>>> print(open('start34.txt').read())   # compact mmCIF, C-alpha atoms and all ligand atoms
# COMPACT_ATOMS: atom_id res chain seq x y z
CA MET A 1 -26.37 -22.38 -2.88
CA GLU A 2 -28.66 -19.51 -3.81
CA ILE A 3 -27.54 -17.44 -6.79
CA LEU A 4 -28.74 -13.89 -7.38
CA ASP A 5 -27.67 -13.02 -10.90
CA LYS A 6 -30.24 -10.39 -11.77
CA ILE A 7 -29.37 -7.78 -9.19
CA GLN A 8 -30.73 -4.36 -10.06
CA ILE A 9 -28.80 -1.40 -8.72
CA ASP A 10 -29.65 2.23 -9.19
CA LEU A 11 -26.44 4.24 -9.18
CA ASN A 12 -26.76 7.98 -8.86
CA ALA A 13 -24.03 9.85 -10.77
CA LYS A 14 -24.73 13.11 -8.95
CA LYS A 15 -24.33 11.56 -5.50
CA ILE A 16 -21.12 9.73 -6.39
CA GLY A 17 -19.72 12.80 -8.15
CA GLU A 18 -20.46 15.04 -5.18
CA LYS A 19 -18.73 12.62 -2.84
CA LEU A 20 -15.69 12.72 -5.12
CA HIS A 21 -15.76 16.54 -5.27
CA VAL A 22 -15.80 16.30 -9.07
CA GLN A 23 -16.23 20.05 -9.39
CA LYS A 24 -12.75 20.44 -7.82
CA THR A 25 -10.91 17.38 -9.16
CA GLY A 26 -12.09 17.41 -12.79
CA SER A 27 -15.19 18.27 -14.77
CA TRP A 28 -18.77 17.03 -14.55
CA ASP A 29 -18.85 16.28 -18.28
CA GLN A 30 -15.79 14.07 -17.99
CA PHE A 31 -17.20 12.28 -14.92
CA GLN A 32 -20.63 11.87 -16.49
CA GLY A 33 -19.02 10.41 -19.62
CA ILE A 34 -17.01 7.88 -17.60
CA PHE A 35 -20.06 7.03 -15.49
CA GLU A 36 -22.29 6.34 -18.51
CA ALA A 37 -19.59 4.29 -20.28
CA THR A 38 -19.02 2.24 -17.12
CA LYS A 39 -22.61 1.33 -16.26
CA PRO A 40 -22.90 -1.50 -18.83
CA LEU A 41 -19.65 -3.01 -17.50
CA ILE A 42 -21.14 -3.51 -14.03
CA THR A 43 -22.73 -6.95 -13.67
CA PRO A 44 -23.70 -7.43 -10.01
CA LYS A 45 -24.21 -10.97 -8.76
CA ALA A 46 -24.32 -12.67 -5.39
CA VAL A 47 -24.45 -16.08 -3.79
CA TYR A 48 -25.35 -17.13 -0.28
CA VAL A 49 -25.96 -20.30 1.65
CA VAL A 50 -28.01 -20.98 4.77
CA ARG A 51 -25.99 -22.71 7.46
CA TYR A 52 -26.51 -23.71 11.10
CA ILE A 53 -23.86 -23.36 13.78
CA GLY A 54 -22.75 -26.79 14.94
CA GLU A 55 -20.54 -25.86 17.85
CA LYS A 56 -19.65 -22.73 19.79
CA LEU A 57 -16.11 -22.75 21.17
CA GLU A 58 -14.43 -20.08 23.32
CA ASP A 59 -13.16 -17.95 20.42
CA ALA A 60 -14.65 -19.72 17.40
CA VAL A 61 -17.73 -21.29 15.88
CA VAL A 62 -17.90 -24.51 13.90
CA ILE A 63 -20.21 -24.71 10.89
CA ASP A 64 -20.41 -27.89 8.80
CA GLY A 65 -17.14 -29.00 10.43
CA ILE A 66 -15.39 -25.77 9.38
CA CYS A 67 -13.98 -23.64 12.16
CA LEU A 68 -14.33 -19.85 11.92
CA ARG A 69 -11.94 -18.39 14.46
CA SER A 70 -12.85 -14.92 15.73
CA ARG A 71 -13.60 -13.74 19.24
CA VAL A 72 -15.85 -10.97 17.88
CA LEU A 73 -17.79 -13.27 15.56
CA ARG A 74 -18.21 -15.78 18.39
CA LYS A 75 -19.64 -13.07 20.66
CA ASN A 76 -21.95 -11.81 17.92
CA LEU A 77 -23.29 -15.32 17.42
CA GLU A 78 -23.94 -15.98 21.12
CA THR A 79 -27.71 -16.28 20.64
CA VAL A 80 -27.69 -17.07 16.91
CA GLY A 81 -28.24 -20.47 15.33
CA ARG A 82 -28.53 -19.69 11.61
CA VAL A 83 -26.05 -17.73 9.49
CA PHE A 84 -25.71 -16.73 5.85
CA PRO A 85 -22.21 -16.88 4.33
CA TYR A 86 -22.14 -14.80 1.11
CA VAL A 87 -20.11 -13.40 -1.76
CA VAL A 88 -21.13 -10.38 -3.85
CA THR A 89 -19.37 -9.11 -6.97
CA ILE A 90 -19.84 -6.52 -9.67
CA GLY A 91 -17.91 -8.68 -12.15
CA PRO A 92 -14.60 -8.08 -13.94
CA GLY A 93 -15.68 -5.45 -16.51
CA LEU A 94 -15.12 -2.25 -14.54
CA GLU A 95 -11.72 -3.23 -13.17
CA ALA A 96 -10.53 -4.36 -16.62
CA LYS A 97 -11.37 -0.87 -17.88
CA ALA A 98 -9.56 0.69 -14.91
CA ASP A 99 -6.49 -1.54 -15.42
CA ALA A 100 -6.32 -0.55 -19.09
CA SER A 101 -6.60 3.18 -18.39
CA GLN A 102 -3.45 5.33 -18.19
CA ASP A 103 -5.40 8.24 -16.74
CA LEU A 104 -5.08 8.41 -12.95
CA LEU A 105 -8.19 10.52 -12.52
CA GLU A 106 -10.23 8.11 -14.62
CA LYS A 107 -8.88 5.19 -12.56
CA TYR A 108 -9.92 7.00 -9.38
CA TYR A 109 -13.41 7.66 -10.73
CA LEU A 110 -13.79 4.06 -11.88
CA ASP A 111 -12.64 2.72 -8.53
CA SER A 112 -15.15 4.91 -6.70
CA ILE A 113 -18.02 4.02 -9.04
CA GLY A 114 -17.12 0.34 -8.52
CA ASN A 115 -17.14 0.72 -4.74
CA ALA A 116 -20.53 2.43 -4.85
CA ALA A 117 -21.91 -0.34 -7.08
CA LEU A 118 -20.58 -3.01 -4.74
CA ILE A 119 -22.23 -1.38 -1.73
CA HIS A 120 -25.55 -1.23 -3.61
CA ALA A 121 -25.23 -4.89 -4.61
CA ARG A 122 -24.47 -5.99 -1.04
CA LYS A 123 -27.46 -4.00 0.22
CA TYR A 124 -29.61 -5.71 -2.40
CA LEU A 125 -28.53 -9.08 -1.01
CA GLN A 126 -29.25 -7.86 2.51
CA GLY A 127 -32.76 -6.83 1.45
CA GLU A 128 -33.34 -10.23 -0.14
CA LEU A 129 -32.23 -12.04 3.02
CA ARG A 130 -34.48 -9.85 5.15
CA ALA A 131 -37.46 -10.51 2.91
CA ARG A 132 -36.90 -14.21 2.28
CA PHE A 133 -36.20 -15.13 5.90
CA ALA A 134 -38.43 -12.55 7.61
CA MET A 135 -35.55 -11.03 9.56
CA GLU A 136 -35.67 -7.46 10.80
CA GLY A 137 -32.18 -6.85 12.13
CA LEU A 138 -29.23 -8.16 10.16
CA SER A 139 -25.51 -7.54 10.52
CA PHE A 140 -22.45 -8.88 8.76
CA MET A 141 -18.77 -9.52 9.33
CA SER A 142 -16.04 -10.10 6.76
CA PRO A 143 -12.67 -11.86 7.10
CA GLY A 144 -9.88 -9.31 6.97
CA SER A 145 -11.90 -6.37 8.28
CA LEU A 146 -10.58 -6.79 11.84
CA GLU A 147 -7.31 -8.23 13.19
CA ASP A 148 -9.54 -10.52 15.21
CA TRP A 149 -10.86 -12.16 12.02
CA PRO A 150 -7.89 -12.08 9.64
CA ILE A 151 -7.86 -12.45 5.87
CA GLU A 152 -6.58 -16.07 6.22
CA GLU A 153 -10.10 -16.96 7.33
CA GLN A 154 -11.26 -16.38 3.75
CA ARG A 155 -10.26 -20.01 3.10
CA SER A 156 -12.71 -21.26 5.70
CA LEU A 157 -15.47 -18.93 4.54
CA PHE A 158 -15.03 -20.03 0.92
CA SER A 159 -15.13 -23.67 2.07
CA LEU A 160 -18.70 -22.96 3.14
CA LEU A 161 -19.44 -21.57 -0.33
CA GLU A 162 -18.28 -24.41 -2.52
CA GLY A 163 -19.03 -23.72 -6.19
CA VAL A 164 -18.91 -19.93 -5.91
CA GLU A 165 -16.50 -19.62 -8.85
CA ASN A 166 -18.80 -21.55 -11.16
CA ALA A 167 -21.82 -19.67 -9.89
CA ILE A 168 -20.65 -16.06 -10.13
CA GLY A 169 -17.00 -16.19 -11.22
CA VAL A 170 -15.35 -15.23 -7.92
CA LYS A 171 -12.23 -17.02 -6.70
CA LEU A 172 -9.44 -16.46 -4.19
CA ASN A 173 -5.90 -15.78 -5.37
CA GLU A 174 -2.73 -16.88 -3.55
CA SER A 175 -2.90 -13.80 -1.31
CA LEU A 176 -6.49 -14.73 -0.43
CA LEU A 177 -7.82 -11.69 -2.24
CA MET A 178 -10.92 -12.12 -4.32
CA ILE A 179 -10.79 -12.02 -8.11
CA PRO A 180 -12.57 -9.97 -9.49
CA ARG A 181 -11.25 -7.48 -6.94
CA LYS A 182 -14.55 -5.66 -6.80
CA SER A 183 -16.11 -8.42 -4.71
CA VAL A 184 -16.97 -8.70 -1.03
CA SER A 185 -17.51 -11.74 1.14
CA GLY A 186 -18.71 -12.35 4.66
CA LEU A 187 -21.30 -13.79 6.90
CA TYR A 188 -24.71 -12.27 7.62
CA PHE A 189 -26.40 -13.03 10.92
CA PRO A 190 -29.57 -11.80 12.65
CA THR A 191 -29.12 -9.12 15.31
CA LYS A 192 -31.37 -6.92 17.41
CA VAL A 193 -28.87 -4.04 17.28
CA THR A 194 -26.89 -3.57 14.07
CA PHE A 195 -23.23 -4.46 14.48
CA TYR A 196 -20.51 -2.78 12.39
CA SER A 197 -16.92 -4.01 12.42
CA CYS A 198 -15.98 -0.30 12.09
CA GLN A 199 -17.11 0.17 15.70
CA LEU A 200 -14.13 -1.96 16.74
CA CYS A 201 -11.65 -0.58 14.19
CA PRO A 202 -9.61 2.50 15.16
CA ARG A 203 -8.19 3.07 11.66
CA LYS A 204 -8.30 6.66 10.46
CA PRO A 205 -8.85 8.16 8.11
CA CYS A 206 -11.06 5.57 6.40
CA GLU A 207 -13.41 6.55 3.60
CA GLY A 208 -15.39 3.35 4.06
CA ARG A 209 -16.18 3.89 7.75
CA LYS A 210 -19.81 3.01 8.48
CA ALA A 211 -19.88 3.74 12.22
CA ALA A 212 -17.74 5.58 14.78
CA TYR A 213 -15.02 3.71 16.66
CA LYS A 214 -16.14 2.74 20.18
CA GLU A 215 -13.30 2.01 22.57
CA ASP A 216 -15.69 0.76 25.26
CA LEU A 217 -17.20 -1.72 22.85
CA ALA A 218 -13.74 -2.92 21.78
CA ARG A 219 -13.02 -3.63 25.47
CA GLU A 220 -16.36 -5.37 25.85
CA TYR A 221 -15.48 -7.65 22.92
CA GLY A 222 -12.12 -8.39 24.56
CA ILE A 223 -9.99 -7.11 21.67
CA LEU A 224 -8.68 -4.11 23.60
CA LYS A 225 -7.07 -4.61 26.99
S1 LIG B 301 -13.15 1.66 9.65
FE1 LIG B 301 -12.54 1.25 7.54
S2 LIG B 301 -10.89 -0.29 7.71
FE2 LIG B 301 -11.98 -0.27 9.66
S3 LIG B 301 -13.54 -1.88 9.47
FE3 LIG B 301 -14.52 0.06 8.85
S4 LIG B 301 -14.28 0.15 6.64
FE4 LIG B 301 -12.84 -1.41 7.39
>>> encode(input="start34.txt", output="structure tokens", more="lines below")
Ligand code: SF4
Amino acid sequence: MEILDKIQIDLNAKKIGEKLHVQKTGSWDQFQGIFEATKPLITPKAVYVVRYIGEKLEDAVVIDGICLRSRVLRKNLETVGRVFPYVVTIGPGLEAKADASQDLLEKYYLDSIGNAALIHARKYLQGELRARFAMEGLSFMSPGSLEDWPIEEQRSLFSLLEGVENAIGVKLNESLLMIPRKSVSGLYFPTKVTFYSCQLCPRKPCEGRKAAYKEDLAREYGILK
């Protein structure tokens, strides 16, 4: 297992604040104060492993004897042999501060700063994978992002990442959510054209949307009849 525990992220208070419409919801001074106090609490870390697909079934792939069941993942891995299961976290500090706060606006700001930090940390991992394995195109999928690959599949994904709790302090709770909550998990794989689960997800509104929903593509993947 590869551990990245010195992830550098460069958060931009102005960009995050503008996205949150700070000038309407509160004051810049308040936001700036929360932002500066929060930065030292963010400790981004990541782990990944390199794995080879053992078997390709109709709606699943088998890696190291562990079955990952998803029609979409299976289709995405049609011509792929090597994959990179991963977990990224920003640690427990920010959410502990948010949990302790009684101020709803501060909680909202903290949550948004945490989400931005997590995105930066995941992109850092993506850059490392690109550089280390000389891959140009890279996409990822995460259990729970689509009905087709439900949250229950976290168990299987974490089975491929044995030791993740010792390495970076991330574990699954009984509901299969990650603790610390500000963590993401998934599987990176090489692609010629970038795939986004959002392209197959009709949910709206969604602040996290990375690409427009494509009904035709959902039909092509066989998840829309
Ligand atoms: S649109 Fe939103 S809910 Fe759907 S996959 Fe993208 S980020 Fe997740």
>>> atom_distance(input="start34.txt", atom1="atom CA of Pro180 of chain A", atom2="atom CA of Met141 of chain A")
19.8 Å
>>> closest_atom_pairs(input="start34.txt", of="segment 96-151 of chain A", to="segment 4-21 of chain A", cutoff="9 Å", atoms="only C-alpha atoms", output="tab-separated table")
residue	atom	partner	partner_atom	distance
A:Tyr109	CA	A:Leu20	CA	7.9
A:Ser112	CA	A:Ile16	CA	7.7
A:Ile113	CA	A:Ile16	CA	7.0
A:Ala116	CA	A:Ile16	CA	7.5
A:Ala117	CA	A:Leu11	CA	6.8
A:His120	CA	A:Ile9	CA	6.1
A:Ala121	CA	A:Ile9	CA	6.5
A:Tyr124	CA	A:Ile7	CA	7.1
A:Leu125	CA	A:Leu4	CA	8.0
>>> write_last_selection(input="start34.txt", atoms="C-alpha atoms", output="PDB file, in the frame of the given file")
ATOM      1  CA  TYR A 109     -13.410   7.660 -10.730  1.00  0.00           C
ATOM      2  CA  SER A 112     -15.150   4.910  -6.700  1.00  0.00           C
ATOM      3  CA  ILE A 113     -18.020   4.020  -9.040  1.00  0.00           C
ATOM      4  CA  ALA A 116     -20.530   2.430  -4.850  1.00  0.00           C
ATOM      5  CA  ALA A 117     -21.910  -0.340  -7.080  1.00  0.00           C
ATOM      6  CA  HIS A 120     -25.550  -1.230  -3.610  1.00  0.00           C
ATOM      7  CA  ALA A 121     -25.230  -4.890  -4.610  1.00  0.00           C
ATOM      8  CA  TYR A 124     -29.610  -5.710  -2.400  1.00  0.00           C
ATOM      9  CA  LEU A 125     -28.530  -9.080  -1.010  1.00  0.00           C
TER      10      LEU A 125
END
>>> closest_residue(input="start34.txt", among="A:Arg181, A:Arg51, A:Arg122, A:Lys192", to="Gly65 of chain A", atoms="all atoms listed in the file")
A:Arg51
>>> atom_distance(input="start34.txt", atom1="atom CA of Ala134 of chain A", atom2="atom CA of Tyr188 of chain A")
13.7 Å
>>> residues_around(input="start34.txt", residues="Ser145 of chain A", least_positions_apart="5", cutoff="12 Å", atoms="all atoms listed in the file", output="list in words")
Ser70, Val72, Leu73, Phe140, Pro150, Ile151, Glu152, Glu153, Gln154, Val184, Ser185, Gly186, Tyr196, Ser197, Cys198, Gln199, Leu200, Cys201, Pro202, Arg203, Gly208 and Arg209 of chain A
>>> residues_around(input="start34.txt", residues="Phe133 of chain A", least_positions_apart="6", cutoff="12 Å", atoms="only C-alpha atoms", output="PyMOL selection string")
chain A and resi 50+82-84+125-127+188-190
>>> atom_distance(input="start34.txt", atom1="atom CA of Glu128 of chain A", atom2="atom CA of Tyr86 of chain A")
12.2 Å
>>> closest_residue(input="start34.txt", among="A:Phe31, A:Ile53, A:Ser183, A:Leu41", to="Ile119 of chain A", atoms="only C-alpha atoms")
A:Ser183
>>> closest_residue(input="start34.txt", among="A:Leu77, A:Leu146, A:Ile179, A:Met135", to="ligand LIG 301 (chain B)", atoms="only C-alpha atoms and all ligand atoms")
A:Leu146
>>> closest_residue(input="start34.txt", among="A:Arg74, A:Lys39, A:Lys204, A:Lys107", to="ligand LIG 301 (chain B)", atoms="all atoms listed in the file")
A:Lys204
>>> residues_around(input="start34.txt", residues="Arg71 of chain A", least_positions_apart="3", cutoff="9 Å", atoms="only C-alpha atoms", output="number ranges by chain")
A: 58-60, 74-76, 148-149, 221-223
>>> closest_residue(input="start34.txt", among="A:Val87, A:Val47, A:Cys67, A:Leu138", to="Ile3 of chain A", atoms="all atoms listed in the file")
A:Val47
>>> closest_residue(input="start34.txt", among="A:Asn166, A:Ser27, A:Asn115, A:Asn173", to="ligand LIG 301 (chain B)", atoms="all atoms listed in the file")
A:Asn115
>>> residues_around(input="start34.txt", residues="Glu106 of chain A", least_positions_apart="5", cutoff="12 Å", atoms="only C-alpha atoms", output="ChimeraX atom specification")
/A:20,22,25-27,30-35,37-38,94-95,97-101,111-113
>>> write_last_selection(input="start34.txt", atoms="C-alpha atoms", output="short mmCIF file (atom, residue, chain, number, x, y, z; two decimals), keeping the file's coordinate frame")
data_model
loop_
_atom_site.label_atom_id
_atom_site.label_comp_id
_atom_site.auth_asym_id
_atom_site.auth_seq_id
_atom_site.Cartn_x
_atom_site.Cartn_y
_atom_site.Cartn_z
CA LEU A 20 -15.69 12.72 -5.12
CA VAL A 22 -15.80 16.30 -9.07
CA THR A 25 -10.91 17.38 -9.16
CA GLY A 26 -12.09 17.41 -12.79
CA SER A 27 -15.19 18.27 -14.77
CA GLN A 30 -15.79 14.07 -17.99
CA PHE A 31 -17.20 12.28 -14.92
CA GLN A 32 -20.63 11.87 -16.49
CA GLY A 33 -19.02 10.41 -19.62
CA ILE A 34 -17.01 7.88 -17.60
CA PHE A 35 -20.06 7.03 -15.49
CA ALA A 37 -19.59 4.29 -20.28
CA THR A 38 -19.02 2.24 -17.12
CA LEU A 94 -15.12 -2.25 -14.54
CA GLU A 95 -11.72 -3.23 -13.17
CA LYS A 97 -11.37 -0.87 -17.88
CA ALA A 98 -9.56 0.69 -14.91
CA ASP A 99 -6.49 -1.54 -15.42
CA ALA A 100 -6.32 -0.55 -19.09
CA SER A 101 -6.60 3.18 -18.39
CA ASP A 111 -12.64 2.72 -8.53
CA SER A 112 -15.15 4.91 -6.70
CA ILE A 113 -18.02 4.02 -9.04
#
>>> residues_near_point(input="start34.txt", point="(-18.9, -14.2, -10.1)", cutoff="7 Å", atoms="all atoms listed in the file", output="PyMOL selection string")
chain A and resi 45+89+91+165+167-170
>>> build_atoms(input="start34.txt", residues="segment 57-81 of chain A", atoms="N, CA and C atoms", output="PDB file, in the frame of the given file")
ATOM      1  N   LEU A  57     -17.295 -22.591  20.336  1.00  0.00           N
ATOM      2  CA  LEU A  57     -16.110 -22.750  21.170  1.00  0.00           C
ATOM      3  C   LEU A  57     -15.827 -21.400  21.848  1.00  0.00           C
ATOM      4  N   GLU A  58     -14.696 -21.322  22.584  1.00  0.00           N
ATOM      5  CA  GLU A  58     -14.430 -20.080  23.320  1.00  0.00           C
ATOM      6  C   GLU A  58     -14.268 -18.877  22.382  1.00  0.00           C
ATOM      7  N   ASP A  59     -13.424 -19.071  21.341  1.00  0.00           N
ATOM      8  CA  ASP A  59     -13.160 -17.950  20.420  1.00  0.00           C
ATOM      9  C   ASP A  59     -13.452 -18.351  18.978  1.00  0.00           C
ATOM     10  N   ALA A  60     -14.398 -19.221  18.759  1.00  0.00           N
ATOM     11  CA  ALA A  60     -14.650 -19.720  17.400  1.00  0.00           C
ATOM     12  C   ALA A  60     -16.031 -20.347  17.324  1.00  0.00           C
ATOM     13  N   VAL A  61     -16.516 -20.490  16.093  1.00  0.00           N
ATOM     14  CA  VAL A  61     -17.730 -21.290  15.880  1.00  0.00           C
ATOM     15  C   VAL A  61     -17.409 -22.336  14.816  1.00  0.00           C
ATOM     16  N   VAL A  62     -18.107 -23.450  14.881  1.00  0.00           N
ATOM     17  CA  VAL A  62     -17.900 -24.510  13.900  1.00  0.00           C
ATOM     18  C   VAL A  62     -19.196 -24.681  13.112  1.00  0.00           C
ATOM     19  N   ILE A  63     -19.043 -24.578  11.777  1.00  0.00           N
ATOM     20  CA  ILE A  63     -20.210 -24.710  10.890  1.00  0.00           C
ATOM     21  C   ILE A  63     -19.870 -25.761   9.848  1.00  0.00           C
ATOM     22  N   ASP A  64     -20.672 -26.783   9.743  1.00  0.00           N
ATOM     23  CA  ASP A  64     -20.410 -27.890   8.800  1.00  0.00           C
ATOM     24  C   ASP A  64     -18.987 -28.424   8.954  1.00  0.00           C
ATOM     25  N   GLY A  65     -18.493 -28.473  10.177  1.00  0.00           N
ATOM     26  CA  GLY A  65     -17.140 -29.000  10.430  1.00  0.00           C
ATOM     27  C   GLY A  65     -16.039 -27.999  10.139  1.00  0.00           C
ATOM     28  N   ILE A  66     -16.404 -26.789   9.704  1.00  0.00           N
ATOM     29  CA  ILE A  66     -15.390 -25.770   9.380  1.00  0.00           C
ATOM     30  C   ILE A  66     -15.349 -24.736  10.505  1.00  0.00           C
ATOM     31  N   CYS A  67     -14.141 -24.512  11.005  1.00  0.00           N
ATOM     32  CA  CYS A  67     -13.980 -23.640  12.160  1.00  0.00           C
ATOM     33  C   CYS A  67     -13.729 -22.195  11.706  1.00  0.00           C
ATOM     34  N   LEU A  68     -14.550 -21.277  12.167  1.00  0.00           N
ATOM     35  CA  LEU A  68     -14.330 -19.850  11.920  1.00  0.00           C
ATOM     36  C   LEU A  68     -13.845 -19.251  13.234  1.00  0.00           C
ATOM     37  N   ARG A  69     -12.578 -18.786  13.204  1.00  0.00           N
ATOM     38  CA  ARG A  69     -11.940 -18.390  14.460  1.00  0.00           C
ATOM     39  C   ARG A  69     -11.931 -16.875  14.602  1.00  0.00           C
ATOM     40  N   SER A  70     -12.784 -16.358  15.464  1.00  0.00           N
ATOM     41  CA  SER A  70     -12.850 -14.920  15.730  1.00  0.00           C
ATOM     42  C   SER A  70     -13.603 -14.729  17.041  1.00  0.00           C
ATOM     43  N   ARG A  71     -12.965 -14.017  17.944  1.00  0.00           N
ATOM     44  CA  ARG A  71     -13.600 -13.740  19.240  1.00  0.00           C
ATOM     45  C   ARG A  71     -14.861 -12.875  19.038  1.00  0.00           C
ATOM     46  N   VAL A  72     -14.732 -11.898  18.106  1.00  0.00           N
ATOM     47  CA  VAL A  72     -15.850 -10.970  17.880  1.00  0.00           C
ATOM     48  C   VAL A  72     -17.039 -11.704  17.231  1.00  0.00           C
ATOM     49  N   LEU A  73     -16.724 -12.512  16.216  1.00  0.00           N
ATOM     50  CA  LEU A  73     -17.790 -13.270  15.560  1.00  0.00           C
ATOM     51  C   LEU A  73     -18.477 -14.193  16.569  1.00  0.00           C
ATOM     52  N   ARG A  74     -17.665 -14.863  17.378  1.00  0.00           N
ATOM     53  CA  ARG A  74     -18.210 -15.780  18.390  1.00  0.00           C
ATOM     54  C   ARG A  74     -19.177 -15.049  19.316  1.00  0.00           C
ATOM     55  N   LYS A  75     -18.766 -13.851  19.750  1.00  0.00           N
ATOM     56  CA  LYS A  75     -19.640 -13.070  20.660  1.00  0.00           C
ATOM     57  C   LYS A  75     -20.920 -12.647  19.935  1.00  0.00           C
ATOM     58  N   ASN A  76     -20.770 -12.245  18.683  1.00  0.00           N
ATOM     59  CA  ASN A  76     -21.950 -11.810  17.920  1.00  0.00           C
ATOM     60  C   ASN A  76     -22.930 -12.960  17.693  1.00  0.00           C
ATOM     61  N   LEU A  77     -22.421 -14.178  17.707  1.00  0.00           N
ATOM     62  CA  LEU A  77     -23.290 -15.320  17.420  1.00  0.00           C
ATOM     63  C   LEU A  77     -23.766 -16.032  18.694  1.00  0.00           C
ATOM     64  N   GLU A  78     -23.590 -15.371  19.825  1.00  0.00           N
ATOM     65  CA  GLU A  78     -23.940 -15.980  21.120  1.00  0.00           C
ATOM     66  C   GLU A  78     -25.362 -16.566  21.118  1.00  0.00           C
ATOM     67  N   THR A  79     -26.320 -15.805  20.593  1.00  0.00           N
ATOM     68  CA  THR A  79     -27.710 -16.280  20.640  1.00  0.00           C
ATOM     69  C   THR A  79     -28.234 -16.649  19.251  1.00  0.00           C
ATOM     70  N   VAL A  80     -27.306 -16.840  18.315  1.00  0.00           N
ATOM     71  CA  VAL A  80     -27.690 -17.070  16.910  1.00  0.00           C
ATOM     72  C   VAL A  80     -27.468 -18.540  16.547  1.00  0.00           C
ATOM     73  N   GLY A  81     -28.406 -19.089  15.781  1.00  0.00           N
ATOM     74  CA  GLY A  81     -28.240 -20.470  15.330  1.00  0.00           C
ATOM     75  C   GLY A  81     -28.010 -20.574  13.825  1.00  0.00           C
TER      76      GLY A  81
END
